[in-house]
Every structure is written in C-alpha cells, then in structure tokens.
Amino acid sequence: MVKPASRHAFTVFQLLVLLALLVVLFAIFLPAIVKARADAIRAQKLNNLKQIILGTINYADTFNGMLPAGNDSNNFSAAAHILPFIEQDALYKQIDFKKPMTDKANAAMRKLIIKTFLSSNDPLPAVSEEFGATNYLFSAGTKPSLENNDGAFFQNSKNRFPNSITDGTSQTIFLGETLKGDGGTKAVDVQRQHVQLDKDALKNLADDAGVQEFKDNKHIAGDRCASWMDGRFLQGTFNGARKLNDPRPDVTCAGLGGLSALRSMDDKCAVAMGDGSARLLNAKKISYETWKAALTIAGGEVVGSDFEQ
C-alpha cells in the first residue's frame, strides 16, 4: 500500500504573519477604495445635470443664442423645450406646445418618465401617477416673483447665451437638483412638503412666509417637482429666496413665484453652471450671499471663495 503524502498545515506563526500582511494591505488600499467609491457617487450625482445643461446650451446654439424660457406662456418648462437635445426628439414632436401644458392633448406625454430628469439620489420615483416627475429645477433668480427675475430662466424669459450672462457663465447657476415632494398634505418635513398660498400672497411675501402655516399644518402641499413638463414655480423653476436646505419651508403662490431652496438628502447640493460644468455645493459652508450671487446673471456680485468646494 502506498503511503499517502503528508500535508503541511500552517503553523500558528505563519497564520499570524498572513493575517498581519492582510491587515497591512487593507490599510494601504482602503483610502483608495473609499476615494473610488466617493468619486463614483459624485459622478453619478452630477451625470444627469451635465446632460441637461449641455442640452440647454445646445438648444441656445440652435436658436441663435436664445435660451428657453423658464416657464413659457403655456406653462411649458425649459426641460420640455430641450427634449430634442437630450435624445428625446420623438417625444418632443408629440407635444402640442401651442396648447396649454395641462391640455388633454398633452396628457399622455405628461405621464412619461424620463430617466435623465430623475436623480438616483432621491429614493422617491414619482410624486403622482398622473405625471412624470423631475429632480431638476431651472434658476429664475433671487426674487420671489417668477416674472422679471434676475436669473437665467424666469417667466417668458428671453435671455441670450452667453451675452446675457455678464456675471460669467462659470459663475452662474443655471439649474440644480432637489428632492421631490412626497405627495403628502401634512406638515412632516420641509424637505418634502411646502406651503401653498394663493396668487395674491405674492404681492407682499414676507421672508418668514409659510413658517407659521407649516407649524399649524395649514396649506400644505407635497407636489414639488411633480411634472418635468410644467415650468411653474417649484415644478420647473426655483429661486434663491431660501438658502440651501433651509429649515424654513418652501412657499409657492399659485405657481407664480414664492420662496424656495434646493433640497438634498445630505449636505451636498448639486448644481449645473452656465459653462456646462456641474458641481457639488456644501450647504453648511456656502454663505447665503454667495448662493444668491451665483444665481443672478448680471448682478455684478463677486462670488465668494466658499463657492469653490
């Protein structure tokens, strides 16, 4: 009978050496792994914004430098107008822009989900079954009213690219990512619900508007970003009347304007600039003055160093 070959087992010392080697290798490569994961999350967070802003710039190039209105006379959003420039030309041709956005002729298109308009950072896929939602709002500026604002995309705006952006395209925010509403009508979280007032409230809108209403659970809405096709306030447009992730609720006055901020799951808020770039802003570090300065197109303000983060 052939005697089987003996197997040499690891000694305790060898196992300890191997374990120590694995610990050292893990310590060496962990920072690289963490950085790679952070870079992947960052790229994912900014990818859609880059597609949308480049589509917006291509729109302007096609239409003699004219940027799309933030909200046109039939309440179509800038997002609806740039569809052909984000590979959605077939859908664009089915929309009847000569009729109101709410017309039944556009009902089927309003329901369609466009992945480019949805952020993977927001776990809520939709606000209503009747609409395809969005996570991206175009900047109307810093003033409460959607009309005659100081940003790039307001009511029937006719800004030219880049001529109208005298503050500099690399210093001007065109759009930003925000959390959608959850459809709720109870005051739970200002990140998901806001206060809805009538259009007359816009005339004398105080800085603390909506705060008491939210505390009293009155006039609560959760339909922020319900429809990518809708250009009205808190649907397709926002302003900088609130700071990023402001503890006070957003306020809309019948979609004609109000007070708003961008809302995010963490301290990082994603925005797209007029030069086609996208970046993350630290909501806790950026000053309100810098935030507002970056939203105007021709205010002449100096954007603070806290914008570069």
# chains A, B, ... in the order shown; residues from 1 in each chain; ligands from 1

call {"tool": "residues_around", "arguments": {"residues": "A:Asn71", "least_positions_apart": "3", "cutoff": "9 Å", "atoms": "only C-alpha atoms", "output": "NGL selection string"}}
result
:A and (68 or 74-78 or 146 or 153-157 or 230-233 or 236-237)

call {"tool": "write_last_selection", "arguments": {"atoms": "N, CA and C atoms", "output": "PDB file, in the first residue's frame"}}
result
ATOM      1  N   PRO A  68     -34.075  78.754 -23.587  1.00  0.00           N
ATOM      2  CA  PRO A  68     -35.504  78.514 -23.402  1.00  0.00           C
ATOM      3  C   PRO A  68     -36.017  79.277 -22.182  1.00  0.00           C
ATOM      4  N   ASN A  74     -47.621  79.047 -22.066  1.00  0.00           N
ATOM      5  CA  ASN A  74     -48.497  77.887 -21.904  1.00  0.00           C
ATOM      6  C   ASN A  74     -48.033  76.970 -20.780  1.00  0.00           C
ATOM      7  N   ASN A  75     -47.149  77.501 -19.939  1.00  0.00           N
ATOM      8  CA  ASN A  75     -46.623  76.790 -18.764  1.00  0.00           C
ATOM      9  C   ASN A  75     -45.794  75.556 -19.101  1.00  0.00           C
ATOM     10  N   PHE A  76     -45.096  75.602 -20.219  1.00  0.00           N
ATOM     11  CA  PHE A  76     -44.143  74.546 -20.525  1.00  0.00           C
ATOM     12  C   PHE A  76     -42.783  74.927 -19.943  1.00  0.00           C
ATOM     13  N   SER A  77     -42.108  73.957 -19.423  1.00  0.00           N
ATOM     14  CA  SER A  77     -40.821  74.178 -18.771  1.00  0.00           C
ATOM     15  C   SER A  77     -39.683  74.257 -19.784  1.00  0.00           C
ATOM     16  N   ALA A  78     -38.559  74.753 -19.320  1.00  0.00           N
ATOM     17  CA  ALA A  78     -37.353  74.722 -20.142  1.00  0.00           C
ATOM     18  C   ALA A  78     -36.974  73.277 -20.443  1.00  0.00           C
ATOM     19  N   LEU A 146     -41.884  85.031 -10.320  1.00  0.00           N
ATOM     20  CA  LEU A 146     -41.321  84.325 -11.460  1.00  0.00           C
ATOM     21  C   LEU A 146     -41.171  85.254 -12.662  1.00  0.00           C
ATOM     22  N   PHE A 153     -33.654  81.795 -16.109  1.00  0.00           N
ATOM     23  CA  PHE A 153     -34.873  81.128 -16.570  1.00  0.00           C
ATOM     24  C   PHE A 153     -36.082  81.541 -15.730  1.00  0.00           C
ATOM     25  N   PHE A 154     -36.781  82.581 -16.161  1.00  0.00           N
ATOM     26  CA  PHE A 154     -37.974  83.009 -15.428  1.00  0.00           C
ATOM     27  C   PHE A 154     -39.183  82.996 -16.364  1.00  0.00           C
ATOM     28  N   GLN A 155     -40.268  83.616 -15.962  1.00  0.00           N
ATOM     29  CA  GLN A 155     -41.486  83.611 -16.767  1.00  0.00           C
ATOM     30  C   GLN A 155     -41.256  84.321 -18.104  1.00  0.00           C
ATOM     31  N   ASN A 156     -41.416  83.566 -19.206  1.00  0.00           N
ATOM     32  CA  ASN A 156     -41.230  84.106 -20.565  1.00  0.00           C
ATOM     33  C   ASN A 156     -39.883  84.803 -20.747  1.00  0.00           C
ATOM     34  N   SER A 157     -38.876  84.321 -20.062  1.00  0.00           N
ATOM     35  CA  SER A 157     -37.531  84.908 -20.181  1.00  0.00           C
ATOM     36  C   SER A 157     -37.008  84.742 -21.609  1.00  0.00           C
ATOM     37  N   ASP A 230     -44.012  70.845 -16.599  1.00  0.00           N
ATOM     38  CA  ASP A 230     -44.570  72.057 -16.004  1.00  0.00           C
ATOM     39  C   ASP A 230     -43.442  73.026 -15.614  1.00  0.00           C
ATOM     40  N   GLY A 231     -43.515  74.251 -16.110  1.00  0.00           N
ATOM     41  CA  GLY A 231     -42.470  75.216 -15.822  1.00  0.00           C
ATOM     42  C   GLY A 231     -42.755  76.146 -14.664  1.00  0.00           C
ATOM     43  N   ARG A 232     -43.919  76.006 -14.040  1.00  0.00           N
ATOM     44  CA  ARG A 232     -44.274  76.913 -12.953  1.00  0.00           C
ATOM     45  C   ARG A 232     -43.385  76.717 -11.733  1.00  0.00           C
ATOM     46  N   PHE A 233     -43.517  77.646 -10.810  1.00  0.00           N
ATOM     47  CA  PHE A 233     -42.653  77.664  -9.635  1.00  0.00           C
ATOM     48  C   PHE A 233     -42.771  76.376  -8.827  1.00  0.00           C
ATOM     49  N   GLY A 236     -40.905  73.455 -12.417  1.00  0.00           N
ATOM     50  CA  GLY A 236     -39.781  73.500 -13.331  1.00  0.00           C
ATOM     51  C   GLY A 236     -38.772  74.573 -12.990  1.00  0.00           C
ATOM     52  N   THR A 237     -39.139  75.452 -12.055  1.00  0.00           N
ATOM     53  CA  THR A 237     -38.276  76.580 -11.692  1.00  0.00           C
ATOM     54  C   THR A 237     -38.176  76.739 -10.171  1.00  0.00           C
TER      55      THR A 237
END

call {"tool": "select_by_dssp", "arguments": {"residues": "stretch 61-147 of chain A", "states": "strand (DSSP E or B)", "output": "PyMOL selection string"}}
result
chain A and resi 66+71+76-77+136-141+145

call {"tool": "residues_around", "arguments": {"residues": "stretch 197-206 of chain A", "least_positions_apart": "6", "cutoff": "7 Å", "atoms": "only C-alpha atoms", "output": "list of chain:residue names"}}
result
A:His219, A:Thr252, A:Cys253, A:Ala254, A:Leu256, A:Gly257, A:Gly258

call {"tool": "write_last_selection", "arguments": {"atoms": "C-alpha atoms", "output": "PDB file, in the first residue's frame"}}
result
ATOM      1  CA  HIS A 219     -51.977  74.937   3.258  1.00  0.00           C
ATOM      2  CA  THR A 252     -45.422  78.757  -3.744  1.00  0.00           C
ATOM      3  CA  CYS A 253     -48.043  81.346  -4.656  1.00  0.00           C
ATOM      4  CA  ALA A 254     -50.175  79.515  -7.214  1.00  0.00           C
ATOM      5  CA  LEU A 256     -46.367  82.346  -9.967  1.00  0.00           C
ATOM      6  CA  GLY A 257     -43.421  82.581  -7.603  1.00  0.00           C
ATOM      7  CA  GLY A 258     -42.612  82.286  -3.937  1.00  0.00           C
TER       8      GLY A 258
END

call {"tool": "closest_residue", "arguments": {"among": "A:Asn48, A:Leu259, A:Gly240, A:Leu112", "to": "A:Gly151", "atoms": "only C-alpha atoms"}}
result
A:Gly240

call {"tool": "atom_distance", "arguments": {"atom1": "atom CA of A:Lys158", "atom2": "atom CA of A:Lys99"}}
result
20.1 Å

call {"tool": "closest_residue", "arguments": {"among": "A:Val303, A:Ala209, A:Ile86, A:Leu179", "to": "A:Cys225", "atoms": "only C-alpha atoms"}}
result
A:Leu179

call {"tool": "closest_residue", "arguments": {"among": "A:Ala278, A:Ala283, A:Ile28, A:Leu54", "to": "A:Gln171", "atoms": "only C-alpha atoms"}}
result
A:Ala278

call {"tool": "residues_around", "arguments": {"residues": "A:Thr185", "least_positions_apart": "2", "cutoff": "12 Å", "atoms": "only C-alpha atoms", "output": "ChimeraX atom specification"}}
result
/A:181-183,187-190,192-196,214,217-224

call {"tool": "write_last_selection", "arguments": {"atoms": "N, CA and C atoms", "output": "CSV table (one decimal), in the first residue's frame"}}
result
chain,number,residue,atom,x,y,z
A,181,GLY,N,-41.3,66.3,-3.9
A,181,GLY,CA,-42.3,66.2,-2.8
A,181,GLY,C,-42.8,64.7,-2.8
A,182,ASP,N,-43.4,64.4,-1.7
A,182,ASP,CA,-43.9,63.0,-1.5
A,182,ASP,C,-45.4,62.9,-1.7
A,183,GLY,N,-46.0,64.0,-2.2
A,183,GLY,CA,-47.5,63.9,-2.4
A,183,GLY,C,-48.3,64.1,-1.1
A,187,ALA,N,-47.9,68.5,7.3
A,187,ALA,CA,-46.5,69.0,7.5
A,187,ALA,C,-45.7,68.0,8.3
A,188,VAL,N,-44.8,67.3,7.6
A,188,VAL,CA,-43.9,66.4,8.2
A,188,VAL,C,-42.5,66.8,8.1
A,189,ASP,N,-42.0,67.2,6.9
A,189,ASP,CA,-40.6,67.5,6.6
A,189,ASP,C,-40.6,68.6,5.5
A,190,VAL,N,-39.9,69.7,5.8
A,190,VAL,CA,-39.8,70.7,4.8
A,190,VAL,C,-39.0,70.3,3.6
A,192,ARG,N,-39.7,67.7,2.0
A,192,ARG,CA,-40.7,67.0,1.1
A,192,ARG,C,-42.0,67.8,0.9
A,193,GLN,N,-42.3,68.6,1.9
A,193,GLN,CA,-43.6,69.3,1.9
A,193,GLN,C,-43.3,70.8,1.8
A,194,HIS,N,-44.2,71.6,1.3
A,194,HIS,CA,-44.1,73.0,1.3
A,194,HIS,C,-45.4,73.7,1.5
A,195,VAL,N,-45.5,75.0,1.6
A,195,VAL,CA,-46.7,75.7,1.8
A,195,VAL,C,-47.2,76.3,0.5
A,196,GLN,N,-48.5,76.2,0.3
A,196,GLN,CA,-49.1,76.6,-1.0
A,196,GLN,C,-50.1,77.8,-0.6
A,214,PHE,N,-46.8,76.2,8.3
A,214,PHE,CA,-46.2,74.8,8.4
A,214,PHE,C,-46.4,74.3,9.8
A,217,ASN,N,-49.8,73.3,10.3
A,217,ASN,CA,-50.3,72.3,9.4
A,217,ASN,C,-51.4,72.8,8.5
A,218,LYS,N,-51.2,74.0,8.0
A,218,LYS,CA,-52.2,74.6,7.1
A,218,LYS,C,-51.6,74.9,5.7
A,219,HIS,N,-52.4,74.7,4.7
A,219,HIS,CA,-52.0,74.9,3.3
A,219,HIS,C,-50.7,74.1,2.9
A,220,ILE,N,-50.7,72.9,3.3
A,220,ILE,CA,-49.5,72.0,3.0
A,220,ILE,C,-49.7,71.3,1.7
A,221,ALA,N,-48.6,71.3,0.9
A,221,ALA,CA,-48.6,70.5,-0.4
A,221,ALA,C,-47.3,69.7,-0.4
A,222,GLY,N,-47.4,68.6,-1.2
A,222,GLY,CA,-46.2,67.8,-1.3
A,222,GLY,C,-45.9,67.5,-2.8
A,223,ASP,N,-46.2,68.5,-3.7
A,223,ASP,CA,-46.1,68.2,-5.1
A,223,ASP,C,-44.9,68.9,-5.8
A,224,ARG,N,-43.9,69.2,-5.0
A,224,ARG,CA,-42.7,69.8,-5.7
A,224,ARG,C,-42.2,68.8,-6.7

call {"tool": "closest_residue", "arguments": {"among": "A:Ser164, A:Thr102, A:Asn245, A:Ser264", "to": "A:Ile286", "atoms": "only C-alpha atoms"}}
result
A:Asn245

call {"tool": "atom_distance", "arguments": {"atom1": "atom CA of A:Asp208", "atom2": "atom CA of A:Ala293"}}
result
21.0 Å

call {"tool": "atom_distance", "arguments": {"atom1": "atom CA of A:Ala90", "atom2": "atom CA of A:Arg110"}}
result
13.9 Å

call {"tool": "residues_around", "arguments": {"residues": "A:Leu280", "least_positions_apart": "4", "cutoff": "10 Å", "atoms": "only C-alpha atoms", "output": "ChimeraX atom specification"}}
result
/A:42,45-46,176-177,267-272,307-309

call {"tool": "write_last_selection", "arguments": {"atoms": "N, CA and C atoms", "output": "tab-separated table (two decimals), in the first residue's frame"}}
result
chain	number	residue	atom	x	y	z
A	42	ARG	N	-20.13	60.77	-6.66
A	42	ARG	CA	-20.10	62.15	-7.16
A	42	ARG	C	-20.45	62.19	-8.65
A	45	LYS	N	-24.06	61.55	-9.20
A	45	LYS	CA	-24.88	62.66	-8.75
A	45	LYS	C	-24.88	63.79	-9.78
A	46	LEU	N	-23.79	63.94	-10.52
A	46	LEU	CA	-23.67	65.05	-11.45
A	46	LEU	C	-23.97	64.69	-12.90
A	176	GLY	N	-30.45	73.25	-10.72
A	176	GLY	CA	-29.97	72.47	-9.59
A	176	GLY	C	-30.84	71.27	-9.31
A	177	GLU	N	-30.29	70.34	-8.57
A	177	GLU	CA	-31.01	69.13	-8.17
A	177	GLU	C	-31.71	69.35	-6.85
A	267	ASP	N	-25.56	67.06	2.97
A	267	ASP	CA	-25.10	68.45	2.92
A	267	ASP	C	-24.67	68.88	1.52
A	268	LYS	N	-24.58	67.94	0.59
A	268	LYS	CA	-24.11	68.25	-0.75
A	268	LYS	C	-25.28	68.51	-1.70
A	269	CYS	N	-25.29	69.70	-2.28
A	269	CYS	CA	-26.32	70.07	-3.25
A	269	CYS	C	-25.68	70.20	-4.62
A	270	ALA	N	-26.26	69.57	-5.61
A	270	ALA	CA	-25.69	69.55	-6.95
A	270	ALA	C	-26.30	70.64	-7.83
A	271	VAL	N	-25.44	71.36	-8.55
A	271	VAL	CA	-25.88	72.42	-9.44
A	271	VAL	C	-25.13	72.33	-10.76
A	272	ALA	N	-25.72	72.92	-11.81
A	272	ALA	CA	-25.07	73.00	-13.12
A	272	ALA	C	-24.85	74.46	-13.46
A	307	PHE	N	-17.69	79.24	-2.62
A	307	PHE	CA	-18.38	78.57	-3.72
A	307	PHE	C	-17.52	77.47	-4.31
A	308	GLU	N	-16.21	77.57	-4.13
A	308	GLU	CA	-15.28	76.59	-4.68
A	308	GLU	C	-15.03	75.52	-3.63
A	309	GLN	N	-15.83	74.46	-3.67
A	309	GLN	CA	-15.70	73.40	-2.68
A	309	GLN	C	-15.69	72.04	-3.35

call {"tool": "select_by_dssp", "arguments": {"residues": "stretch 63-229 of chain A", "states": "alpha helix (DSSP H)", "output": "PyMOL selection string"}}
result
chain A and resi 78-81+89-94+107-110+211-215

call {"tool": "residues_around", "arguments": {"residues": "A:Phe161", "least_positions_apart": "2", "cutoff": "10 Å", "atoms": "only C-alpha atoms", "output": "PyMOL selection string"}}
result
chain A and resi 56-57+59-61+63-67+152+158-159+163-166+169+274-275

call {"tool": "write_last_selection", "arguments": {"atoms": "all heavy atoms", "output": "tab-separated table (two decimals), in the first residue's frame"}}
result
chain	number	residue	atom	x	y	z
A	56	THR	N	-29.20	72.20	-22.79
A	56	THR	CA	-29.67	73.59	-22.74
A	56	THR	C	-28.78	74.50	-23.58
A	56	THR	O	-29.26	75.36	-24.32
A	56	THR	CB	-29.70	74.09	-21.29
A	56	THR	OG1	-30.52	73.22	-20.49
A	56	THR	CG2	-30.25	75.51	-21.21
A	57	ILE	N	-27.47	74.29	-23.48
A	57	ILE	CA	-26.53	75.09	-24.27
A	57	ILE	C	-26.67	74.78	-25.76
A	57	ILE	O	-26.64	75.68	-26.61
A	57	ILE	CB	-25.09	74.84	-23.79
A	57	ILE	CG1	-24.92	75.38	-22.36
A	57	ILE	CG2	-24.08	75.47	-24.73
A	57	ILE	CD1	-23.59	75.03	-21.74
A	59	TYR	N	-29.39	73.82	-27.20
A	59	TYR	CA	-30.64	74.48	-27.59
A	59	TYR	C	-30.34	75.93	-27.99
A	59	TYR	O	-30.79	76.41	-29.04
A	59	TYR	CB	-31.64	74.44	-26.44
A	59	TYR	CG	-32.91	75.23	-26.67
A	59	TYR	CD1	-34.08	74.58	-27.06
A	59	TYR	CD2	-32.95	76.61	-26.49
A	59	TYR	CE1	-35.26	75.30	-27.28
A	59	TYR	CE2	-34.12	77.34	-26.70
A	59	TYR	CZ	-35.27	76.67	-27.09
A	59	TYR	OH	-36.43	77.40	-27.30
A	60	ALA	N	-29.59	76.63	-27.14
A	60	ALA	CA	-29.26	78.03	-27.41
A	60	ALA	C	-28.45	78.16	-28.70
A	60	ALA	O	-28.67	79.08	-29.50
A	60	ALA	CB	-28.49	78.62	-26.24
A	61	ASP	N	-27.53	77.25	-28.92
A	61	ASP	CA	-26.73	77.28	-30.14
A	61	ASP	C	-27.60	77.13	-31.39
A	61	ASP	O	-27.33	77.73	-32.44
A	61	ASP	CB	-25.67	76.17	-30.12
A	61	ASP	CG	-24.57	76.43	-29.11
A	61	ASP	OD1	-24.41	77.60	-28.69
A	61	ASP	OD2	-23.87	75.48	-28.74
A	63	PHE	N	-30.88	77.96	-31.58
A	63	PHE	CA	-31.84	79.05	-31.71
A	63	PHE	C	-31.18	80.42	-31.54
A	63	PHE	O	-31.65	81.27	-30.78
A	63	PHE	CB	-32.97	78.87	-30.69
A	63	PHE	CG	-33.87	77.70	-31.00
A	63	PHE	CD1	-33.66	76.47	-30.40
A	63	PHE	CD2	-34.90	77.82	-31.92
A	63	PHE	CE1	-34.48	75.38	-30.69
A	63	PHE	CE2	-35.73	76.74	-32.22
A	63	PHE	CZ	-35.50	75.51	-31.61
A	64	ASN	N	-30.09	80.59	-32.25
A	64	ASN	CA	-29.40	81.89	-32.32
A	64	ASN	C	-29.08	82.48	-30.94
A	64	ASN	O	-29.19	83.68	-30.72
A	64	ASN	CB	-30.26	82.90	-33.11
A	64	ASN	CG	-30.48	82.46	-34.54
A	64	ASN	OD1	-29.55	82.00	-35.21
A	64	ASN	ND2	-31.71	82.57	-35.02
A	65	GLY	N	-28.68	81.61	-30.04
A	65	GLY	CA	-28.26	82.07	-28.72
A	65	GLY	C	-29.38	82.25	-27.71
A	65	GLY	O	-29.11	82.58	-26.55
A	66	MET	N	-30.63	82.03	-28.12
A	66	MET	CA	-31.76	82.23	-27.20
A	66	MET	C	-31.93	81.02	-26.28
A	66	MET	O	-32.10	79.89	-26.74
A	66	MET	CB	-33.05	82.44	-27.98
A	66	MET	CG	-34.24	82.80	-27.11
A	66	MET	SD	-34.11	84.45	-26.40
A	66	MET	CE	-34.43	85.45	-27.85
A	67	LEU	N	-31.89	81.27	-24.99
A	67	LEU	CA	-32.15	80.21	-24.02
A	67	LEU	C	-33.65	79.96	-23.91
A	67	LEU	O	-34.45	80.88	-24.12
A	67	LEU	CB	-31.60	80.61	-22.65
A	67	LEU	CG	-30.09	80.64	-22.49
A	67	LEU	CD1	-29.70	81.34	-21.19
A	67	LEU	CD2	-29.51	79.23	-22.52
A	152	ALA	N	-31.46	83.19	-15.06
A	152	ALA	CA	-31.45	82.85	-16.49
A	152	ALA	C	-32.80	82.35	-17.00
A	152	ALA	O	-33.10	82.49	-18.18
A	152	ALA	CB	-30.38	81.79	-16.75
A	158	LYS	N	-36.21	85.71	-22.01
A	158	LYS	CA	-35.63	85.69	-23.36
A	158	LYS	C	-34.14	86.04	-23.28
A	158	LYS	O	-33.64	86.90	-24.00
A	158	LYS	CB	-36.37	86.67	-24.27
A	158	LYS	CG	-37.83	86.29	-24.52
A	158	LYS	CD	-38.51	87.28	-25.45
A	158	LYS	CE	-39.96	86.88	-25.70
A	158	LYS	NZ	-40.66	87.83	-26.61
A	159	ASN	N	-33.47	85.37	-22.40
A	159	ASN	CA	-32.04	85.62	-22.23
A	159	ASN	C	-31.24	84.96	-23.35
A	159	ASN	O	-31.60	83.88	-23.83
A	159	ASN	CB	-31.56	85.09	-20.88
A	159	ASN	CG	-32.03	85.95	-19.73
A	159	ASN	OD1	-31.91	87.18	-19.78
A	159	ASN	ND2	-32.57	85.33	-18.69
A	163	ASN	N	-24.37	86.13	-24.12
A	163	ASN	CA	-24.36	87.59	-23.99
A	163	ASN	C	-25.06	88.12	-22.74
A	163	ASN	O	-24.60	89.08	-22.12
A	163	ASN	CB	-24.99	88.24	-25.23
A	163	ASN	CG	-24.19	87.94	-26.50
A	163	ASN	OD1	-23.11	87.37	-26.43
A	163	ASN	ND2	-24.70	88.33	-27.64
A	164	SER	N	-26.20	87.50	-22.36
A	164	SER	CA	-26.96	87.98	-21.21
A	164	SER	C	-26.30	87.64	-19.89
A	164	SER	O	-26.61	88.23	-18.85
A	164	SER	CB	-28.38	87.41	-21.23
A	164	SER	OG	-29.10	87.84	-22.37
A	165	ILE	N	-25.37	86.69	-19.91
A	165	ILE	CA	-24.75	86.20	-18.67
A	165	ILE	C	-23.48	87.00	-18.42
A	165	ILE	O	-22.35	86.49	-18.52
A	165	ILE	CB	-24.45	84.69	-18.76
A	165	ILE	CG1	-25.57	83.95	-19.49
A	165	ILE	CG2	-24.24	84.12	-17.36
A	165	ILE	CD1	-26.93	84.05	-18.84
A	166	THR	N	-23.63	88.27	-18.09
A	166	THR	CA	-22.46	89.14	-17.92
A	166	THR	C	-21.67	88.86	-16.64
A	166	THR	O	-20.53	89.30	-16.51
A	166	THR	CB	-22.89	90.62	-17.95
A	166	THR	OG1	-23.83	90.86	-16.90
A	166	THR	CG2	-23.52	90.98	-19.28
A	169	THR	N	-20.42	82.81	-17.30
A	169	THR	CA	-21.13	81.52	-17.32
A	169	THR	C	-20.59	80.55	-16.27
A	169	THR	O	-21.33	79.74	-15.73
A	169	THR	CB	-21.03	80.87	-18.71
A	169	THR	OG1	-19.65	80.73	-19.08
A	169	THR	CG2	-21.75	81.71	-19.76
A	274	GLY	N	-23.49	77.72	-16.08
A	274	GLY	CA	-23.72	78.16	-17.45
A	274	GLY	C	-22.64	77.76	-18.43
A	274	GLY	O	-22.85	77.80	-19.65
A	275	ASP	N	-21.48	77.36	-17.93
A	275	ASP	CA	-20.40	76.95	-18.83
A	275	ASP	C	-20.46	75.47	-19.16
A	275	ASP	O	-19.57	74.94	-19.84
A	275	ASP	CB	-19.04	77.30	-18.23
A	275	ASP	CG	-18.75	76.54	-16.94
A	275	ASP	OD1	-19.66	75.85	-16.42
A	275	ASP	OD2	-17.60	76.65	-16.43
